[in-house]
Amino acid sequence: MQETTFLDANELLLNMGPQHPATHGVLRVKLKLDGERVLGSECVIGYLHRGVEKIAENRTYAQFAPYTDRMDYVAAVTNGMGYVEAVEKLLGVEIPARAQYTRMILAELQRVASHLVWLGTHALDIGAMTPVFYTFREREEILKIFEKYCGARMTTHAFRIGGLQYDLYDFFEQECLKFCDYFLPKIDEYEQLLTKNRIWIDRTKGIGVLSAEDAVAYGVTGPVLRGSGVKWDIRKVQPYEAYDQVEFEVPTGTHGDTYDRYLVRIQEMRQSVRIIRQCVERLAPGPIFGKVGKVIKPPVGEVYHSIEAPKGELGYFVVSDGTTNPYRVRVRPPSFVNLQALDIMIHDHLVADVVAVIGTLDIVLGEVDR
Amino acid sequence: MADEPKGPPNAADEGEAKKPTSGASGPPPPSGAEAAPPKPTPSPAGSPAPGSAATPAAPKAGVAAPAKAPAAAKAPVKPEPWSSPLLDELQKRFPGAVEEAVIFRQMPSLTVAKESLLSLCQFLKGEEGGGYTLLTDETAVDYPKREKRFEIIYHLYSFKRNDRLRLKVLAAEGEKVPSVVGIWPTANWLEREVYDMFGVLYDGHPDLKRILLPDGWTGHPLRKDHDILRQDDAWVKTNLGIESGQ
């Protein structure tokens with residue numbers, strides 16, 4: 001956005017955030033307005049910067065793992081999973097099947113939980129008050145499973161480099177299946193509230209349209225890319241863990257607007273339930289830890305590993321100099337890259353739509369700022 | 001303490017033929033995109049990578065190289081020379097541009113001359129070059145002891161080939177790197193972050209300024225010589241009038 005001191009008589013520079021309930025954290029957006037119409041925007045980020053990548057260089061490989069949970073704090077399990085997999089790739093170890101399926105179950109539960117937070121808050125931003133109570137109710141069930149498994153609800157540190165620290169607790173499988181049975185009708189309930197709701201459609205259809213070309217050019221990934229009609233999911237195209245062993249669909253949108261992205265995420269929750277059921281079926285007794293020593297000392301080299309986090313492609317670029325500390329850890333956060341597309345998405349929209357578009361991008365500022 | 005193997009010790013399968021993969025193992029299944037990634041050819045091992053610029057020459061690299069994790073495979077794990085039709089094509093079209101091509105853990109990595117970066121990226125993005133339309137990530141690594149201390153790293157992805165490619169450009173302190181914003185708009189924020197964290201300057205970037213740190217910040221924290229302890233000293237001295245207690 002062009003920084004000017006002499007605005008036209010009808011142009012207005014509006015500062016939105018960093019303390020604003022609809023920016024989902026400490027995001028500041030400078031809006032250049034003509035009346036209520038957005039002419040340009042600029043994001044100011046970094047309010048939550050903690051220097052995670054610098055911290056990594058001063059910790060051992062295992063010590064850094066809990067820090068990853070604090071980036072995307074509504075999806076800690078998948079964050080940790082991306083990191084431990086990157087280090088495993090660097091080490092060249094394979095982890096046992098039981099650990100793989102456990103990771104997938106927890107990661108898919110986390111995806112559902114993350115989408116539930118998104119759905120509740122996004123609807124709340126737009127003005128639908130009710131869904132947030134329902135979605136947080138269902139999310140609580142998922143967090144209970146996490147808590148029973150590893151003792152933490154939010155910053156779980158669920159996985160270790162090489163496998164799992166804890167084996168599953170008794171009746172884990174039954175509880176997961178019970179949750180799946182309980183949850184599927186709830187998705188229909190959300191859809192009854194929103195999908196054909198006249199106000200919801202008016203507020204989301206044609207808002208924040210992102211064409212497939214723009215989405216790729218701006219590096220957007222995850223449900224936002226799929227909402228624009230690009231059928232691309234890392235779980236499918238470059239499967240990690242055992243995602244090549246399970247069946248699921250990759251839902252896509254056609255118009256690339258906020259409504260399509262809403263439908264994509266709703267469908268993704270259904271697919272996650274499908275994956276969880278298949279994984280529970282395949283869980284067999286066995287070892288949960290691969291061949292990793294107590295001291296993690298990877299060979300000299302560098303790897304890039306990325307997973308399909310709830311918000312998009314979460315990549316870790318780890319450089320090893322052969323010592324016990326990583327030489328460099330780069331986190332490629334989906335939220336940071338996706339947020340960059342905000343400017344083109346809100347162009348010529350109204351201020352109220354900015355709120356809708358920030359919601360539909362599903363950003364978490366802990367991950368944007370790291 | 002998190003690393004203690006808890007699983008039943010089935011040490012019998014200490015495989016010597018351990019595949020050097022973990023997550024994304026095996027060829028990706030066809031899923032819309034025609035999956036034809038250049039297979040990591042089991043190229044003649046042993047021949048060390050020409051010009052060891054690609055292996056991180058970190059302070060203790062020489063000492064630590066033989067001391068691998070006890071569970072790691074016996075075979076030497078290090079970057080090996082990479083060969084593929086795409087590389088041949090690049091060398092034909094841009095003679096001398098690719099200074100080094102290695103593959104490690106199934107990920108090819110090309111070190112590219114700075115002068116030909118833009119034309120090479122433009123070619124790679126195009127249909128003939130494999131259609132690397134998605135710039136997944138751009139970042140940097142600092143090796144202060146080298147003559148050209150910064151490695152600028154680009155991770156590209158091609159939907160057509162379902163394939164990732166890493167490009168590297170070396171830059172010395174204060175040296176300008178051509179900006180790829182014109183090719184991949186997503187590089188805008190990524191390059192701002194590299195500038196913010198490393199102080200790498202870009203040529204042709206539309207709006208090169210700090211992104212995560214405040215505008216008035218001094219220093220570039222992800223440089224290796226940026227001390228994590230001493231950074232508040234100046235502030236403490238000016239505002240509190242005492243020496244830092246750290």
# chains A, B, ... in the order shown; residues from 1 in each chain; ligands from 1
$ residues_around --residues "region 240-246 of chain A" --least-positions-apart "3" --cutoff "10 Å" --atoms "only C-alpha atoms" --output "PyMOL selection string"
(chain A and resi 81-82+85+94-97+99-104+234-237+274-279+282+305-308) or (chain B and resi 22-26+28-29)
$ write_last_selection --atoms "N, CA and C atoms" --output "short mmCIF file (atom, residue, chain, number, x, y, z; two decimals), in the first residue's frame"
data_model
loop_
_atom_site.label_atom_id
_atom_site.label_comp_id
_atom_site.auth_asym_id
_atom_site.auth_seq_id
_atom_site.Cartn_x
_atom_site.Cartn_y
_atom_site.Cartn_z
N MET A 81 4.02 -32.89 14.99
CA MET A 81 4.20 -34.00 14.05
C MET A 81 5.10 -33.60 12.89
N GLY A 82 4.91 -32.40 12.37
CA GLY A 82 5.77 -31.95 11.28
C GLY A 82 7.23 -31.91 11.69
N GLU A 85 8.75 -35.48 12.32
CA GLU A 85 8.94 -36.18 11.05
C GLU A 85 10.12 -35.63 10.28
N GLU A 94 12.73 -45.17 10.36
CA GLU A 94 11.32 -45.45 10.10
C GLU A 94 10.66 -45.76 11.42
N ILE A 95 9.44 -45.30 11.56
CA ILE A 95 8.78 -45.55 12.83
C ILE A 95 7.76 -46.66 12.67
N PRO A 96 7.48 -47.39 13.73
CA PRO A 96 6.59 -48.55 13.63
C PRO A 96 5.16 -48.17 13.25
N ALA A 97 4.45 -49.16 12.75
CA ALA A 97 3.10 -48.90 12.23
C ALA A 97 2.17 -48.40 13.32
N ALA A 99 2.82 -46.62 15.89
CA ALA A 99 3.07 -45.21 16.15
C ALA A 99 2.52 -44.36 15.01
N GLN A 100 2.66 -44.84 13.78
CA GLN A 100 2.17 -44.08 12.64
C GLN A 100 0.66 -43.88 12.72
N TYR A 101 -0.05 -44.98 13.00
CA TYR A 101 -1.51 -44.85 13.03
C TYR A 101 -1.96 -44.01 14.22
N THR A 102 -1.25 -44.15 15.34
CA THR A 102 -1.61 -43.30 16.48
C THR A 102 -1.43 -41.83 16.11
N ARG A 103 -0.31 -41.54 15.45
CA ARG A 103 -0.07 -40.15 15.04
C ARG A 103 -1.17 -39.66 14.12
N MET A 104 -1.57 -40.52 13.19
CA MET A 104 -2.60 -40.09 12.25
C MET A 104 -3.92 -39.83 12.95
N ILE A 234 -1.27 -32.54 0.58
CA ILE A 234 0.02 -33.25 0.74
C ILE A 234 -0.20 -34.67 1.22
N ARG A 235 -1.27 -34.88 1.97
CA ARG A 235 -1.54 -36.25 2.43
C ARG A 235 -1.74 -37.18 1.24
N LYS A 236 -2.22 -36.62 0.11
CA LYS A 236 -2.45 -37.44 -1.07
C LYS A 236 -1.23 -37.46 -1.99
N VAL A 237 -0.67 -36.29 -2.27
CA VAL A 237 0.35 -36.24 -3.32
C VAL A 237 1.72 -36.67 -2.83
N ARG A 274 -13.54 -40.12 8.69
CA ARG A 274 -13.35 -41.34 7.90
C ARG A 274 -11.94 -41.91 8.10
N ILE A 275 -10.95 -41.03 8.10
CA ILE A 275 -9.56 -41.48 8.30
C ILE A 275 -9.39 -42.07 9.70
N ILE A 276 -9.98 -41.40 10.69
CA ILE A 276 -9.81 -41.88 12.07
C ILE A 276 -10.37 -43.29 12.19
N ARG A 277 -11.54 -43.52 11.57
CA ARG A 277 -12.14 -44.85 11.67
C ARG A 277 -11.24 -45.91 11.06
N GLN A 278 -10.66 -45.60 9.90
CA GLN A 278 -9.78 -46.58 9.25
C GLN A 278 -8.54 -46.83 10.09
N CYS A 279 -8.00 -45.77 10.67
CA CYS A 279 -6.77 -45.93 11.46
C CYS A 279 -7.03 -46.77 12.69
N ARG A 282 -6.96 -50.32 11.96
CA ARG A 282 -5.65 -50.89 11.66
C ARG A 282 -4.69 -50.87 12.83
N HIS A 305 10.79 -31.03 5.07
CA HIS A 305 9.67 -31.95 5.17
C HIS A 305 8.42 -31.13 5.45
N SER A 306 7.35 -31.46 4.75
CA SER A 306 6.13 -30.69 5.00
C SER A 306 4.95 -31.64 5.14
N ILE A 307 4.01 -31.21 5.93
CA ILE A 307 2.81 -31.99 6.14
C ILE A 307 1.60 -31.10 5.87
N GLU A 308 0.47 -31.75 5.74
CA GLU A 308 -0.77 -31.02 5.55
C GLU A 308 -1.34 -30.70 6.92
N SER B 22 11.63 -41.41 5.79
CA SER B 22 10.74 -41.60 6.94
C SER B 22 9.33 -41.26 6.54
N GLY B 23 9.07 -40.01 6.40
CA GLY B 23 7.69 -39.60 6.19
C GLY B 23 7.22 -39.89 4.78
N ALA B 24 7.66 -39.08 3.86
CA ALA B 24 7.16 -39.20 2.50
C ALA B 24 7.90 -40.31 1.79
N SER B 25 7.66 -41.53 2.20
CA SER B 25 8.41 -42.63 1.62
C SER B 25 7.70 -43.14 0.39
N GLY B 26 8.48 -43.62 -0.49
CA GLY B 26 7.90 -44.23 -1.67
C GLY B 26 7.44 -43.20 -2.67
N PRO B 28 5.03 -41.08 -4.75
CA PRO B 28 3.68 -40.65 -4.48
C PRO B 28 2.70 -41.25 -5.47
N PRO B 29 1.53 -41.62 -5.01
CA PRO B 29 0.57 -42.22 -5.92
C PRO B 29 0.02 -41.16 -6.86
#
$ select_by_dssp --residues "region 48-82 of chain A" --states "alpha helix (DSSP H)" --output "PyMOL selection string"
chain A and resi 52-57+61-69+76-82
$ residues_around --residues "Arg328 (chain A)" --least-positions-apart "6" --cutoff "7 Å" --atoms "only C-alpha atoms" --output "NGL selection string"
(:A and (57 or 318-319)) or (:B and (141))
$ closest_residue --among "A:Arg98, A:Lys231, A:Arg332, A:Arg50" --to "Gly163 (chain A)" --atoms "only C-alpha atoms"
A:Arg98
$ select_by_dssp --residues "region 327-361 of chain A" --states "strand (DSSP E or B)" --output "PyMOL selection string"
chain A and resi 328-332+350
$ write_last_selection --atoms "C-alpha atoms" --output "tab-separated table (two decimals), in the first residue's frame"
chain	number	residue	atom	x	y	z
A	328	ARG	CA	19.13	-24.04	11.57
A	329	VAL	CA	15.44	-24.80	11.78
A	330	ARG	CA	13.20	-22.95	9.42
A	331	VAL	CA	9.47	-23.17	9.90
A	332	ARG	CA	7.35	-22.59	6.85
A	350	LEU	CA	-16.44	-3.47	2.54
$ interface_residues --of "chain A" --to "chain B" --cutoff "7 Å" --atoms "only C-alpha atoms" --output "ChimeraX atom specification"
/A:45-46,49,54,62,85,88-89,91-94,160-161,165,216-219,236-241,287-289,291-294,296-301,303,321-323,328,332,369
$ atom_distance --atom1 "CA of Leu124 (chain B)" --atom2 "CA of Glu100 (chain B)"
16.6 Å
$ closest_residue --among "A:Val264, A:Val355, A:Leu365, A:Cys43" --to "Asp125 (chain A)" --atoms "only C-alpha atoms"
A:Val355
$ residues_around --residues "region 185-188 of chain A" --least-positions-apart "2" --cutoff "10 Å" --atoms "only C-alpha atoms" --output "short mmCIF file (atom, residue, chain, number, x, y, z; two decimals) with N, CA and C atoms, in the first residue's frame"
data_model
loop_
_atom_site.label_atom_id
_atom_site.label_comp_id
_atom_site.auth_asym_id
_atom_site.auth_seq_id
_atom_site.Cartn_x
_atom_site.Cartn_y
_atom_site.Cartn_z
N LEU A 116 -12.98 -26.80 14.05
CA LEU A 116 -14.11 -26.41 14.90
C LEU A 116 -13.87 -25.02 15.48
N TYR A 134 -21.70 -24.67 20.02
CA TYR A 134 -21.74 -26.08 19.63
C TYR A 134 -20.35 -26.59 19.29
N THR A 135 -19.60 -25.80 18.51
CA THR A 135 -18.30 -26.31 18.07
C THR A 135 -17.35 -26.47 19.25
N GLU A 138 -18.04 -29.76 21.04
CA GLU A 138 -17.48 -30.96 20.42
C GLU A 138 -15.95 -30.98 20.54
N CYS A 180 -16.39 -40.41 16.88
CA CYS A 180 -16.76 -40.33 15.47
C CYS A 180 -18.28 -40.46 15.31
N ASP A 181 -18.86 -41.44 16.01
CA ASP A 181 -20.31 -41.64 15.90
C ASP A 181 -21.07 -40.43 16.40
N TYR A 182 -20.52 -39.84 17.47
CA TYR A 182 -21.19 -38.69 18.07
C TYR A 182 -21.06 -37.46 17.19
N PHE A 183 -19.90 -37.38 16.50
CA PHE A 183 -19.56 -36.12 15.85
C PHE A 183 -20.23 -35.95 14.49
N TYR A 190 -24.35 -28.29 12.30
CA TYR A 190 -23.74 -27.01 11.94
C TYR A 190 -24.24 -26.58 10.56
N GLU A 191 -24.33 -27.57 9.69
CA GLU A 191 -24.74 -27.23 8.33
C GLU A 191 -26.18 -26.73 8.30
N GLN A 192 -27.00 -27.31 9.17
CA GLN A 192 -28.38 -26.82 9.24
C GLN A 192 -28.43 -25.36 9.66
N LEU A 193 -27.47 -25.01 10.52
CA LEU A 193 -27.46 -23.63 11.00
C LEU A 193 -26.97 -22.67 9.93
N LEU A 194 -26.02 -23.14 9.09
CA LEU A 194 -25.33 -22.18 8.23
C LEU A 194 -25.52 -22.39 6.74
N THR A 195 -25.40 -23.63 6.27
CA THR A 195 -25.21 -23.84 4.83
C THR A 195 -26.30 -23.19 3.99
N ILE A 266 -15.86 -27.97 6.02
CA ILE A 266 -16.89 -28.85 6.56
C ILE A 266 -16.68 -30.27 6.03
N GLN A 267 -16.42 -30.37 4.73
CA GLN A 267 -16.20 -31.69 4.15
C GLN A 267 -14.94 -32.33 4.72
N MET A 269 -13.79 -32.13 7.62
CA MET A 269 -14.04 -32.73 8.94
C MET A 269 -14.65 -34.12 8.76
N ARG A 270 -15.54 -34.25 7.78
CA ARG A 270 -16.13 -35.57 7.53
C ARG A 270 -15.05 -36.56 7.09
#
$ closest_residue --among "B:Gly96, B:Asp225, B:Lys176, B:Gly216" --to "Asp203 (chain B)" --atoms "only C-alpha atoms"
B:Lys176
$ atom_distance --atom1 "CA of Pro310 (chain A)" --atom2 "CA of Ala75 (chain A)"
7.4 Å
$ decode --residues "region 104-241 of chain B" --atoms "C-alpha atoms" --output "short mmCIF file (atom, residue, chain, number, x, y, z; two decimals), in the first residue's frame"
data_model
loop_
_atom_site.label_atom_id
_atom_site.label_comp_id
_atom_site.auth_asym_id
_atom_site.auth_seq_id
_atom_site.Cartn_x
_atom_site.Cartn_y
_atom_site.Cartn_z
CA PHE B 104 20.05 -35.85 -0.06
CA ARG B 105 17.09 -37.69 1.43
CA GLN B 106 15.41 -37.72 -1.99
CA MET B 107 15.46 -33.96 -2.31
CA PRO B 108 17.59 -32.52 -5.12
CA SER B 109 19.38 -29.30 -4.37
CA LEU B 110 20.95 -27.00 -6.93
CA THR B 111 23.44 -24.26 -6.19
CA VAL B 112 22.85 -21.56 -8.75
CA ALA B 113 24.98 -18.64 -9.87
CA LYS B 114 23.43 -15.41 -8.68
CA GLU B 115 23.56 -13.78 -12.09
CA SER B 116 21.43 -16.42 -13.78
CA LEU B 117 18.97 -16.91 -10.91
CA LEU B 118 16.10 -14.96 -12.42
CA SER B 119 16.29 -16.44 -15.89
CA LEU B 120 16.67 -19.93 -14.45
CA CYS B 121 13.69 -19.46 -12.13
CA GLN B 122 11.62 -18.12 -14.99
CA PHE B 123 12.51 -21.19 -17.01
CA LEU B 124 11.72 -23.58 -14.14
CA LYS B 125 8.36 -21.94 -13.65
CA GLY B 126 7.46 -22.38 -17.29
CA GLU B 127 5.99 -25.41 -18.96
CA GLU B 128 9.30 -26.62 -20.37
CA GLY B 129 11.18 -26.29 -17.13
CA GLY B 130 8.85 -28.60 -15.28
CA GLY B 131 6.21 -26.11 -14.18
CA TYR B 132 7.55 -25.20 -10.74
CA THR B 133 4.76 -22.72 -10.22
CA LEU B 134 4.65 -22.79 -6.43
CA LEU B 135 7.38 -21.18 -4.40
CA THR B 136 6.83 -23.02 -1.15
CA ASP B 137 9.46 -21.27 0.88
CA GLU B 138 12.35 -18.92 0.72
CA THR B 139 14.78 -18.62 3.57
CA ALA B 140 18.46 -18.31 4.35
CA VAL B 141 21.17 -19.98 6.36
CA ASP B 142 24.16 -18.13 7.76
CA TYR B 143 27.68 -19.60 7.70
CA PRO B 144 29.78 -16.73 9.06
CA LYS B 145 33.12 -18.40 8.38
CA ARG B 146 32.59 -18.70 4.67
CA GLU B 147 33.60 -16.13 2.16
CA LYS B 148 29.98 -15.85 1.01
CA ARG B 149 28.24 -16.27 4.28
CA PHE B 150 24.59 -16.50 3.28
CA GLU B 151 22.88 -19.32 1.52
CA ILE B 152 19.52 -18.15 0.21
CA ILE B 153 17.30 -21.16 -0.13
CA TYR B 154 14.28 -21.55 -2.39
CA HIS B 155 11.94 -24.51 -2.15
CA LEU B 156 9.98 -24.97 -5.34
CA TYR B 157 7.09 -27.29 -6.03
CA SER B 158 5.71 -28.45 -9.33
CA PHE B 159 2.09 -29.56 -9.49
CA LYS B 160 2.73 -31.14 -12.85
CA ARG B 161 5.60 -33.33 -11.75
CA ASN B 162 4.56 -33.59 -8.08
CA ASP B 163 8.12 -32.83 -7.24
CA ARG B 164 10.12 -30.52 -5.02
CA LEU B 165 13.34 -28.79 -5.90
CA ARG B 166 15.70 -26.74 -3.77
CA LEU B 167 17.69 -23.86 -5.20
CA LYS B 168 20.53 -22.15 -3.41
CA VAL B 169 22.20 -18.86 -4.06
CA LEU B 170 25.30 -17.74 -2.20
CA ALA B 171 25.66 -14.15 -1.11
CA ALA B 172 28.32 -12.30 0.83
CA GLU B 173 27.67 -9.65 3.44
CA GLY B 174 26.06 -6.61 1.84
CA GLU B 175 25.79 -8.29 -1.53
CA LYS B 176 22.45 -7.87 -3.27
CA VAL B 177 20.44 -10.87 -4.35
CA PRO B 178 17.96 -10.55 -7.22
CA SER B 179 14.41 -10.64 -5.93
CA VAL B 180 12.05 -13.28 -7.30
CA VAL B 181 8.90 -11.34 -6.40
CA GLY B 182 8.31 -10.73 -10.10
CA ILE B 183 8.17 -14.47 -10.70
CA TRP B 184 6.44 -15.67 -7.54
CA PRO B 185 4.52 -12.90 -5.73
CA THR B 186 4.58 -14.96 -2.56
CA ALA B 187 8.27 -14.15 -2.21
CA ASN B 188 7.33 -10.64 -1.09
CA TRP B 189 6.89 -11.40 2.58
CA LEU B 190 9.36 -14.25 2.57
CA GLU B 191 12.13 -11.97 1.31
CA ARG B 192 11.17 -9.33 3.80
CA GLU B 193 11.56 -11.92 6.51
CA VAL B 194 14.99 -12.96 5.23
CA TYR B 195 16.01 -9.31 5.19
CA ASP B 196 14.65 -8.85 8.69
CA MET B 197 16.35 -11.90 10.15
CA PHE B 198 19.60 -12.00 8.19
CA GLY B 199 20.11 -8.56 6.67
CA VAL B 200 20.26 -9.93 3.16
CA LEU B 201 19.49 -7.20 0.65
CA TYR B 202 17.36 -7.82 -2.41
CA ASP B 203 17.53 -6.16 -5.75
CA GLY B 204 14.14 -5.32 -7.20
CA HIS B 205 12.01 -6.00 -4.16
CA PRO B 206 9.02 -3.61 -4.11
CA ASP B 207 8.96 -2.92 -0.39
CA LEU B 208 11.99 -4.21 1.45
CA LYS B 209 11.52 -3.47 5.12
CA ARG B 210 11.32 -5.35 8.37
CA ILE B 211 8.31 -7.58 8.82
CA LEU B 212 8.41 -9.38 12.16
CA LEU B 213 10.64 -7.11 14.19
CA PRO B 214 9.86 -3.46 14.95
CA ASP B 215 11.12 -0.92 12.43
CA GLY B 216 13.56 0.59 14.90
CA TRP B 217 15.27 -2.70 15.70
CA THR B 218 19.02 -2.97 15.27
CA GLY B 219 20.72 -6.14 14.15
CA HIS B 220 19.54 -9.26 12.40
CA PRO B 221 18.85 -11.94 14.98
CA LEU B 222 19.18 -15.12 12.94
CA ARG B 223 22.79 -14.38 12.08
CA LYS B 224 25.05 -16.75 13.88
CA ASP B 225 27.05 -13.95 15.48
CA HIS B 226 23.94 -12.39 17.01
CA ASP B 227 24.28 -13.16 20.70
CA ILE B 228 21.05 -14.18 22.36
CA LEU B 229 22.24 -12.92 25.74
CA ARG B 230 23.61 -9.49 24.97
CA GLN B 231 20.74 -8.02 23.03
CA ASP B 232 19.13 -6.06 25.85
CA ASP B 233 22.37 -4.53 27.15
CA ALA B 234 22.07 -1.27 25.28
CA TRP B 235 18.48 -0.79 26.35
CA VAL B 236 19.26 -1.54 29.99
CA LYS B 237 22.20 0.85 29.93
CA THR B 238 20.23 3.76 28.46
CA ASN B 239 17.00 3.29 30.33
CA LEU B 240 18.14 1.99 33.69
CA GLY B 241 21.66 3.37 33.82
#
